[in-house]
Amino acid sequence: MMLWPFKKRHLSKDQEKAVVEAIGRAEEGNLGEVRVHLEQKCKHDEGALSRAREKFYELGMCGTDDATGVLLYVAVKDRVTAVYAGPGIHTCCAESFWQEVTDQVAEGFRDDSPAEGLVEAVDRIGELLREHVPGEKEDNELPDEVTMS
């Protein structure tokens with residue numbers, strides 16, 4: 001079974017578009033900022049969460065007005081994923097919530113539909129943001145995009 005057929009891009013253009021649309025939906029009606037970052041291998045000796053934290057800062061997610069940035073990180077070839085959230089949202093839910101989000105990504109990989117798993121995970125993050133940091137932003141602080149390395 002091929003886990004992820006898109007070696008360089010990680011996602012087809014249509015799949016990437018679906019994830020970006022999910023990011024836009026997730027940011028509606030709340031003060032959060034959501035990003036998705038994909039790479040082949042986890043480039044941190046301490047694991048996926050440490051790498052997610054590193055990318056969170058590299059992508060400028062620590063500078064959001066309300067500290068409510070959420071990064072969904074996936075190392076495709078290593079089959080690991082993590083969520084790193086700013087202090088304005090991280091403590092708003094039980095650790096089990098973040099595990100459920102990463103489980104949705106893993107389920108998408110297992111079902112050979114990784115983009116669907118990413119979309120479902122991002123949708124769940126959006127629900128959490130609307131529940132815990134509702135509101136309307138005047139502008140989008142960070143671009144709605146899937147970053148890749």
# chains A, B, ... in the order shown; residues from 1 in each chain; ligands from 1
call {"tool": "residues_around", "arguments": {"residues": "A:Phe56", "least_positions_apart": "6", "cutoff": "9 Å", "atoms": "only C-alpha atoms", "output": "list in words"}}
result
Arg35, Cys62, Gly69, Val70, Leu71, Tyr84, Ala85 and Gly86 of chain A
call {"tool": "select_by_dssp", "arguments": {"residues": "stretch 34-84 of chain A", "states": "strand (DSSP E)", "output": "MDAnalysis selection string"}}
result
chainID A and resid 34:39 69:75 80:84
call {"tool": "atom_distance", "arguments": {"atom1": "atom CA of A:Glu54", "atom2": "atom CA of A:Ile125"}}
result
19.8 Å
call {"tool": "select_by_dssp", "arguments": {"residues": "stretch 36-114 of chain A", "states": "alpha helix (DSSP H)", "output": "ChimeraX atom specification"}}
result
/A:48-58,87-90,95-110,114
call {"tool": "write_last_selection", "arguments": {"atoms": "C-alpha atoms", "output": "mmCIF file, in the first residue's frame"}}
result
data_model
loop_
_atom_site.group_PDB
_atom_site.id
_atom_site.type_symbol
_atom_site.label_atom_id
_atom_site.label_comp_id
_atom_site.auth_asym_id
_atom_site.auth_seq_id
_atom_site.Cartn_x
_atom_site.Cartn_y
_atom_site.Cartn_z
ATOM 1 C CA ALA A 48 7.272 15.435 16.296
ATOM 2 C CA LEU A 49 6.065 17.766 19.054
ATOM 3 C CA SER A 50 9.487 19.386 19.351
ATOM 4 C CA ARG A 51 9.626 19.808 15.589
ATOM 5 C CA ALA A 52 6.088 21.241 15.571
ATOM 6 C CA ARG A 53 7.139 23.775 18.215
ATOM 7 C CA GLU A 54 10.182 24.687 16.131
ATOM 8 C CA LYS A 55 8.064 25.186 12.972
ATOM 9 C CA PHE A 56 5.455 27.146 14.989
ATOM 10 C CA TYR A 57 8.107 29.739 15.794
ATOM 11 C CA GLU A 58 9.740 29.633 12.342
ATOM 12 C CA PRO A 87 -0.791 29.601 25.085
ATOM 13 C CA GLY A 88 -4.093 31.318 24.305
ATOM 14 C CA ILE A 89 -5.638 28.033 23.169
ATOM 15 C CA HIS A 90 -3.443 25.137 24.328
ATOM 16 C CA GLU A 95 -4.670 16.678 26.074
ATOM 17 C CA SER A 96 -6.947 13.972 24.723
ATOM 18 C CA PHE A 97 -8.408 16.502 22.259
ATOM 19 C CA TRP A 98 -5.016 17.016 20.591
ATOM 20 C CA GLN A 99 -4.532 13.236 20.475
ATOM 21 C CA GLU A 100 -7.906 12.859 18.750
ATOM 22 C CA VAL A 101 -6.847 15.445 16.148
ATOM 23 C CA THR A 102 -3.625 13.598 15.374
ATOM 24 C CA ASP A 103 -5.541 10.315 15.297
ATOM 25 C CA GLN A 104 -7.767 11.766 12.556
ATOM 26 C CA VAL A 105 -4.687 12.539 10.482
ATOM 27 C CA ALA A 106 -3.367 9.012 11.045
ATOM 28 C CA GLU A 107 -6.734 7.546 10.045
ATOM 29 C CA GLY A 108 -6.572 9.469 6.768
ATOM 30 C CA PHE A 109 -3.153 7.971 6.083
ATOM 31 C CA ARG A 110 -4.364 4.454 6.908
ATOM 32 C CA PRO A 114 -4.503 11.724 3.821
#
call {"tool": "closest_residue", "arguments": {"among": "A:Ala26, A:His10, A:Gln15, A:Lys43", "to": "A:Val76", "atoms": "only C-alpha atoms"}}
result
A:His10
call {"tool": "closest_residue", "arguments": {"among": "A:Ala22, A:Leu11, A:Val83, A:Val74", "to": "A:Gly126", "atoms": "only C-alpha atoms"}}
result
A:Ala22
call {"tool": "residues_around", "arguments": {"residues": "A:Glu145", "least_positions_apart": "5", "cutoff": "8 Å", "atoms": "only C-alpha atoms", "output": "number ranges by chain"}}
result
A: 20, 23, 35-36
call {"tool": "write_last_selection", "arguments": {"atoms": "N, CA and C atoms", "output": "compact mmCIF listing (two decimals), in the first residue's frame"}}
result
# COMPACT_ATOMS: atom_id res chain seq x y z
N VAL A 20 -6.42 23.97 2.37
CA VAL A 20 -6.42 25.43 2.54
C VAL A 20 -7.84 25.94 2.78
N ILE A 23 -8.68 25.29 6.30
CA ILE A 23 -8.03 26.28 7.17
C ILE A 23 -8.88 27.54 7.23
N ARG A 35 -2.45 26.72 10.78
CA ARG A 35 -1.55 26.39 9.67
C ARG A 35 -1.34 24.88 9.68
N VAL A 36 -0.97 24.36 8.51
CA VAL A 36 -0.60 22.95 8.36
C VAL A 36 0.78 22.93 7.73
call {"tool": "closest_residue", "arguments": {"among": "A:Ala82, A:Leu31, A:Leu72, A:Cys93", "to": "A:Pro134", "atoms": "only C-alpha atoms"}}
result
A:Leu31
call {"tool": "atom_distance", "arguments": {"atom1": "atom CA of A:Met61", "atom2": "atom CA of A:Ala115"}}
result
22.5 Å
call {"tool": "residues_around", "arguments": {"residues": "A:Glu136", "least_positions_apart": "2", "cutoff": "9 Å", "atoms": "only C-alpha atoms", "output": "number ranges by chain"}}
result
A: 28-31, 134, 138-139
call {"tool": "atom_distance", "arguments": {"atom1": "atom CA of A:Arg79", "atom2": "atom CA of A:Asp112"}}
result
12.7 Å
call {"tool": "closest_residue", "arguments": {"among": "A:Gly63, A:Ser149, A:Asp123, A:Asn140", "to": "A:Glu21", "atoms": "only C-alpha atoms"}}
result
A:Asp123
